[in-house]
Amino acid sequence: MQAIIQSSPAAITLLELDGTVRLWNPAAERIFGWKTEEVLGRFTPVVPEDKRAELHDNLARIARGESILGQETRRTRRDGITIEVTLWSTALHAAGGQTLCLTVIADMTERKRAEEALRFLAEACTVLASSLEYEVTLERVAHLAVPTYADGCYVYLLGEGGTVSCVATARDGEQRELPRKLGPLAPGGSAVSRVITSGQPELCADRGHAPAPGEDVLLPCERAARSYLCVPLLVRGQPIGALSFVSARHSYDAQHLALARELARLAALAIDNARLYREARDAIRLREEFLSIASHELRTPITAIQLHVQELLRQLSRNPEGLGPERLRRGLEVADRQVKRQLHLVNDLLDVSRLGAGRLVLRPESLDLSVLVREVAERFEPELARTGSRLTLEAPAPVPGNWDRLRLEQVVTNLLANAVKYGQGNPIGLSVEARDGLARLAVSDTGIGIAPEHLERVFGRFERAVSERHYGGFGLGLWISRRIIETMGGHISVSSQLGVGSTFRVELPPGSA
């Protein structure tokens, strides 16, 4: 019996019916922290104040000959930490007729902790799956963590230009509110910045009271915490944000870190799914819009050709000898313009397919950008005459480089066509120069202009800043132009003022492609 007591992994104690300790095995020393010689002959030190009545009730039951089987309760360790235990007690009759209480105590803290973590993660999973509006579900998940696991829970996402935003917060009354925008990433900055930059978690178990090195770069919630942990939100191995727990009560350990990493995995999956759904929904919307526009745009030139051909045929049927050369020429010019327009629309669609599949092949050659721009401008003379726009070309010197001639002609044609279309017959400026090691092209008009909120959108696929009802086209020209220029290693931008006009600028390194 003595060997079993000494080797048992569970704590075994023997108490007198007043709570005085008579036996304290090695497992009791390990679980509770008191040595045998410190507790023998004393009232058991492991029972917290709010469980004293329960202990005396148990001892009274033992005195009546009852047994206690699998009672779940709490006990206190020497370091003051309360642990969850399950105990079994029975009476032991010693020599002389004295009744003692023999108790076996199993520390259930880790099992209870694991069960609680599983319940928490299951609830978080249910919340995250309840909606594709991840901003709302992340806020609800953050509130699940407070106060059970943290005094403050924060979710950060990485945005455009490396800017970090706090998209969900939950905190108790003492935690400071965080700004929603945290600024750009800084590798040596706050824990959040370090975690997102490195993709690795960070755990501070106990900061103590002394300022740590780099303390001034921590976020206010990190500085105020006794302990904090921060884990990355990873999507296909790439960090998209971070999840942070801070606490003045907990001392975080490896198990807390594992819980946070699993929560971050679930959150990142929910965010990714929501974003993919939104992208798919937007793609469907764009497809529907495109099909609507395409059916109209592709039909328009055919209708125009058909009307002019029918009119010519009617005139010929009335008077086979009376159709004059001038009338025939005008009809053929209209048909020619519409055929070119149809060809341009079809080519745009083919380019979308090539660019989307990454199959755009550049064939660079030595050329002078000034000459190329002048040739494109000359091809626009009939259209400029028809609209009444006056074109001013500034190309004072050669601008040599190594580019794909046909694709560069396509870009210049797209930009000049837009200037004619939206210029409303007003003057158009076209300039070419070499400066600071770059070839620079600028196309400006004094037409309707673009509203500030639409400036970046005009480079999107199937996007336009004006109604297609008044201005034709697929909304592909600028998107194709930007993809071509970026493939050549260059950059295209726009500046505009509504009602005043727009200027598109292209910058190309001379040795591109």
# chains A, B, ... in the order shown; residues from 1 in each chain; ligands from 1
>>> select_by_dssp(residues="region 244-460 of chain A", states="alpha helix (DSSP H)", output="count of residues only")
133
>>> residues_around(residues="region 83-100 of chain A", least_positions_apart="5", cutoff="12 Å", atoms="only C-alpha atoms", output="PyMOL selection string")
chain A and resi 10-23+31-32+46-48+55+58-78+105-113
>>> closest_residue(among="A:Asp50, A:Gly490, A:Gln497, A:Ser165", to="Ala451 (chain A)", atoms="only C-alpha atoms")
A:Gln497
>>> residues_around(residues="Leu415 (chain A)", least_positions_apart="2", cutoff="12 Å", atoms="only C-alpha atoms", output="CSV table (one decimal) with N, CA and C atoms, in the first residue's frame")
chain,number,residue,atom,x,y,z
A,373,VAL,N,4.3,58.6,-82.3
A,373,VAL,CA,3.2,59.4,-81.9
A,373,VAL,C,2.7,60.3,-83.0
A,376,VAL,N,0.6,58.2,-85.4
A,376,VAL,CA,-0.7,58.0,-84.9
A,376,VAL,C,-1.6,59.2,-85.0
A,377,ALA,N,-1.0,60.4,-84.6
A,377,ALA,CA,-1.8,61.6,-84.7
A,377,ALA,C,-2.3,61.9,-86.1
A,380,PHE,N,-5.4,60.3,-87.0
A,380,PHE,CA,-6.6,60.9,-86.4
A,380,PHE,C,-7.1,62.1,-87.1
A,408,LEU,N,2.6,49.8,-78.4
A,408,LEU,CA,2.7,51.2,-78.1
A,408,LEU,C,1.8,52.1,-78.9
A,409,GLU,N,1.6,51.7,-80.2
A,409,GLU,CA,0.7,52.4,-81.0
A,409,GLU,C,-0.7,52.2,-80.5
A,410,GLN,N,-1.0,51.0,-80.0
A,410,GLN,CA,-2.3,50.8,-79.4
A,410,GLN,C,-2.6,51.7,-78.2
A,411,VAL,N,-1.6,51.9,-77.3
A,411,VAL,CA,-1.8,52.7,-76.1
A,411,VAL,C,-2.0,54.2,-76.6
A,412,VAL,N,-1.2,54.7,-77.5
A,412,VAL,CA,-1.3,56.1,-77.9
A,412,VAL,C,-2.7,56.3,-78.6
A,413,THR,N,-3.1,55.3,-79.4
A,413,THR,CA,-4.4,55.4,-80.1
A,413,THR,C,-5.5,55.4,-79.0
A,417,ALA,N,-7.8,58.6,-78.7
A,417,ALA,CA,-9.3,58.3,-79.0
A,417,ALA,C,-10.1,58.8,-77.8
A,418,ASN,N,-9.7,58.6,-76.6
A,418,ASN,CA,-10.5,59.0,-75.5
A,418,ASN,C,-10.5,60.6,-75.4
A,419,ALA,N,-9.3,61.2,-75.7
A,419,ALA,CA,-9.3,62.7,-75.7
A,419,ALA,C,-10.3,63.2,-76.7
A,420,VAL,N,-10.4,62.6,-77.9
A,420,VAL,CA,-11.3,63.0,-78.9
A,420,VAL,C,-12.7,62.8,-78.5
A,421,LYS,N,-13.0,61.6,-77.9
A,421,LYS,CA,-14.3,61.2,-77.5
A,421,LYS,C,-14.9,62.2,-76.4
A,422,TYR,N,-14.0,62.4,-75.4
A,422,TYR,CA,-14.5,63.1,-74.2
A,422,TYR,C,-14.1,64.6,-74.2
A,423,GLY,N,-13.4,65.0,-75.3
A,423,GLY,CA,-12.9,66.4,-75.4
A,423,GLY,C,-14.0,67.4,-75.8
A,428,ILE,N,-6.9,69.6,-78.0
A,428,ILE,CA,-6.2,68.4,-77.4
A,428,ILE,C,-4.7,68.7,-77.5
A,429,GLY,N,-4.0,68.3,-76.4
A,429,GLY,CA,-2.5,68.4,-76.4
A,429,GLY,C,-1.9,67.1,-76.4
A,430,LEU,N,-0.8,66.9,-77.1
A,430,LEU,CA,0.0,65.7,-77.2
A,430,LEU,C,1.5,66.0,-77.1
A,441,LEU,N,5.2,60.5,-72.2
A,441,LEU,CA,4.1,60.9,-73.1
A,441,LEU,C,3.0,61.4,-72.3
A,442,ALA,N,2.4,62.5,-72.8
A,442,ALA,CA,1.3,63.1,-72.1
A,442,ALA,C,0.2,63.5,-73.2
A,443,VAL,N,-1.1,63.1,-72.8
A,443,VAL,CA,-2.2,63.4,-73.7
A,443,VAL,C,-3.2,64.1,-72.8
A,444,SER,N,-3.6,65.3,-73.2
A,444,SER,CA,-4.5,66.2,-72.4
A,444,SER,C,-5.6,66.7,-73.3
A,445,ASP,N,-6.8,66.8,-72.6
A,445,ASP,CA,-7.9,67.4,-73.3
A,445,ASP,C,-8.6,68.4,-72.4
A,459,PHE,N,-9.1,52.9,-64.7
A,459,PHE,CA,-8.2,52.0,-65.2
A,459,PHE,C,-8.6,50.5,-65.0
A,476,LEU,N,-12.7,49.2,-71.8
A,476,LEU,CA,-11.5,48.3,-71.7
A,476,LEU,C,-10.2,49.1,-72.1
A,477,GLY,N,-10.3,50.2,-72.8
A,477,GLY,CA,-9.1,50.8,-73.4
A,477,GLY,C,-8.1,51.2,-72.4
A,478,LEU,N,-8.5,51.8,-71.3
A,478,LEU,CA,-7.5,52.2,-70.3
A,478,LEU,C,-6.9,51.0,-69.5
A,479,TRP,N,-7.8,50.0,-69.3
A,479,TRP,CA,-7.3,48.8,-68.6
A,479,TRP,C,-6.2,48.1,-69.4
A,480,ILE,N,-6.5,48.0,-70.7
A,480,ILE,CA,-5.5,47.4,-71.6
A,480,ILE,C,-4.3,48.2,-71.7
A,481,SER,N,-4.4,49.5,-71.8
A,481,SER,CA,-3.3,50.4,-71.9
A,481,SER,C,-2.4,50.3,-70.7
A,482,ARG,N,-3.0,50.2,-69.5
A,482,ARG,CA,-2.2,50.1,-68.3
A,482,ARG,C,-1.5,48.8,-68.2
A,492,ILE,N,1.5,54.4,-65.9
A,492,ILE,CA,0.5,55.3,-66.5
A,492,ILE,C,-0.3,55.9,-65.4
A,493,SER,N,-0.6,57.2,-65.5
A,493,SER,CA,-1.4,57.9,-64.4
A,493,SER,C,-2.3,58.9,-65.1
A,494,VAL,N,-3.2,59.4,-64.3
A,494,VAL,CA,-4.1,60.4,-64.8
A,494,VAL,C,-4.3,61.5,-63.7
A,502,SER,N,-8.7,66.4,-68.7
A,502,SER,CA,-7.9,65.4,-68.1
A,502,SER,C,-6.6,65.3,-68.8
A,503,THR,N,-5.6,64.8,-68.1
A,503,THR,CA,-4.3,64.6,-68.7
A,503,THR,C,-3.8,63.2,-68.3
A,504,PHE,N,-3.5,62.4,-69.3
A,504,PHE,CA,-2.9,61.0,-69.0
A,504,PHE,C,-1.5,61.1,-69.3
A,505,ARG,N,-0.7,60.5,-68.4
A,505,ARG,CA,0.8,60.5,-68.5
A,505,ARG,C,1.3,59.1,-68.5
A,506,VAL,N,2.2,58.8,-69.5
A,506,VAL,CA,2.9,57.6,-69.6
A,506,VAL,C,4.4,57.8,-69.4
>>> atom_distance(atom1="CA of Ala3 (chain A)", atom2="CA of Val104 (chain A)")
15.0 Å
>>> residues_around(residues="region 264-279 of chain A", least_positions_apart="3", cutoff="8 Å", atoms="only C-alpha atoms", output="PyMOL selection string")
chain A and resi 125+128-129+132-134+138+231-235+240+242-243+260-261+282-283
>>> write_last_selection(atoms="C-alpha atoms", output="short mmCIF file (atom, residue, chain, number, x, y, z; two decimals), in the first residue's frame")
data_model
loop_
_atom_site.label_atom_id
_atom_site.label_comp_id
_atom_site.auth_asym_id
_atom_site.auth_seq_id
_atom_site.Cartn_x
_atom_site.Cartn_y
_atom_site.Cartn_z
CA CYS A 125 -16.42 28.57 -35.78
CA LEU A 128 -17.59 32.87 -38.35
CA ALA A 129 -19.68 30.57 -40.53
CA LEU A 132 -19.96 36.33 -45.11
CA GLU A 133 -19.82 39.86 -43.67
CA TYR A 134 -16.57 39.15 -41.86
CA LEU A 138 -14.88 39.14 -36.35
CA VAL A 231 -0.53 35.74 -34.00
CA PRO A 232 -0.63 36.25 -37.77
CA LEU A 233 -3.69 35.75 -39.94
CA LEU A 234 -2.34 33.64 -42.80
CA VAL A 235 -3.96 32.97 -46.16
CA ILE A 240 -3.08 39.37 -44.21
CA ALA A 242 -3.00 39.71 -37.00
CA LEU A 243 -5.02 38.68 -33.96
CA ALA A 260 -4.97 31.91 -30.51
CA ARG A 261 -3.28 30.38 -33.56
CA ASP A 282 -18.36 41.34 -58.39
CA ALA A 283 -17.14 39.23 -61.31
#
>>> closest_residue(among="A:Thr36, A:Leu263, A:Pro364, A:Pro147", to="Thr126 (chain A)", atoms="only C-alpha atoms")
A:Leu263
>>> select_by_dssp(residues="region 41-150 of chain A", states="strand (DSSP E)", output="NGL selection string")
:A and (68-76 or 82-93 or 99-107)
>>> closest_residue(among="A:Ser244, A:Thr446, A:Thr487, A:Gln338", to="Pro509 (chain A)", atoms="only C-alpha atoms")
A:Thr487
>>> residues_around(residues="Ser251 (chain A)", least_positions_apart="5", cutoff="10 Å", atoms="only C-alpha atoms", output="PDB file with C-alpha atoms, in the first residue's frame")
ATOM      1  CA  CYS A 204       5.040  37.954 -23.919  1.00  0.00           C
ATOM      2  CA  ALA A 205       4.252  35.840 -20.847  1.00  0.00           C
ATOM      3  CA  ASP A 206       4.844  38.494 -18.195  1.00  0.00           C
ATOM      4  CA  ARG A 207       6.166  41.968 -18.893  1.00  0.00           C
ATOM      5  CA  ALA A 225      -0.917  44.651 -20.421  1.00  0.00           C
ATOM      6  CA  ARG A 226       0.808  42.301 -18.014  1.00  0.00           C
ATOM      7  CA  SER A 227       0.891  39.720 -20.784  1.00  0.00           C
ATOM      8  CA  TYR A 228       0.068  39.758 -24.483  1.00  0.00           C
ATOM      9  CA  LEU A 229       0.208  37.499 -27.488  1.00  0.00           C
ATOM     10  CA  VAL A 246      -3.836  41.425 -24.103  1.00  0.00           C
ATOM     11  CA  HIS A 256      -2.931  30.125 -24.953  1.00  0.00           C
TER      12      HIS A 256
END
>>> closest_residue(among="A:Ala114, A:Leu312, A:Ala28, A:Val500", to="Gly447 (chain A)", atoms="only C-alpha atoms")
A:Val500
>>> residues_around(residues="Gly511 (chain A)", least_positions_apart="2", cutoff="12 Å", atoms="only C-alpha atoms", output="JSON, numbers by chain")
{"A": [364, 365, 366, 367, 399, 400, 401, 402, 403, 404, 437, 438, 439, 488, 489, 490, 508, 509, 513]}
>>> atom_distance(atom1="CA of Asn426 (chain A)", atom2="CA of Ser389 (chain A)")
5.1 Å
>>> atom_distance(atom1="CA of Ala395 (chain A)", atom2="CA of Asn414 (chain A)")
18.8 Å
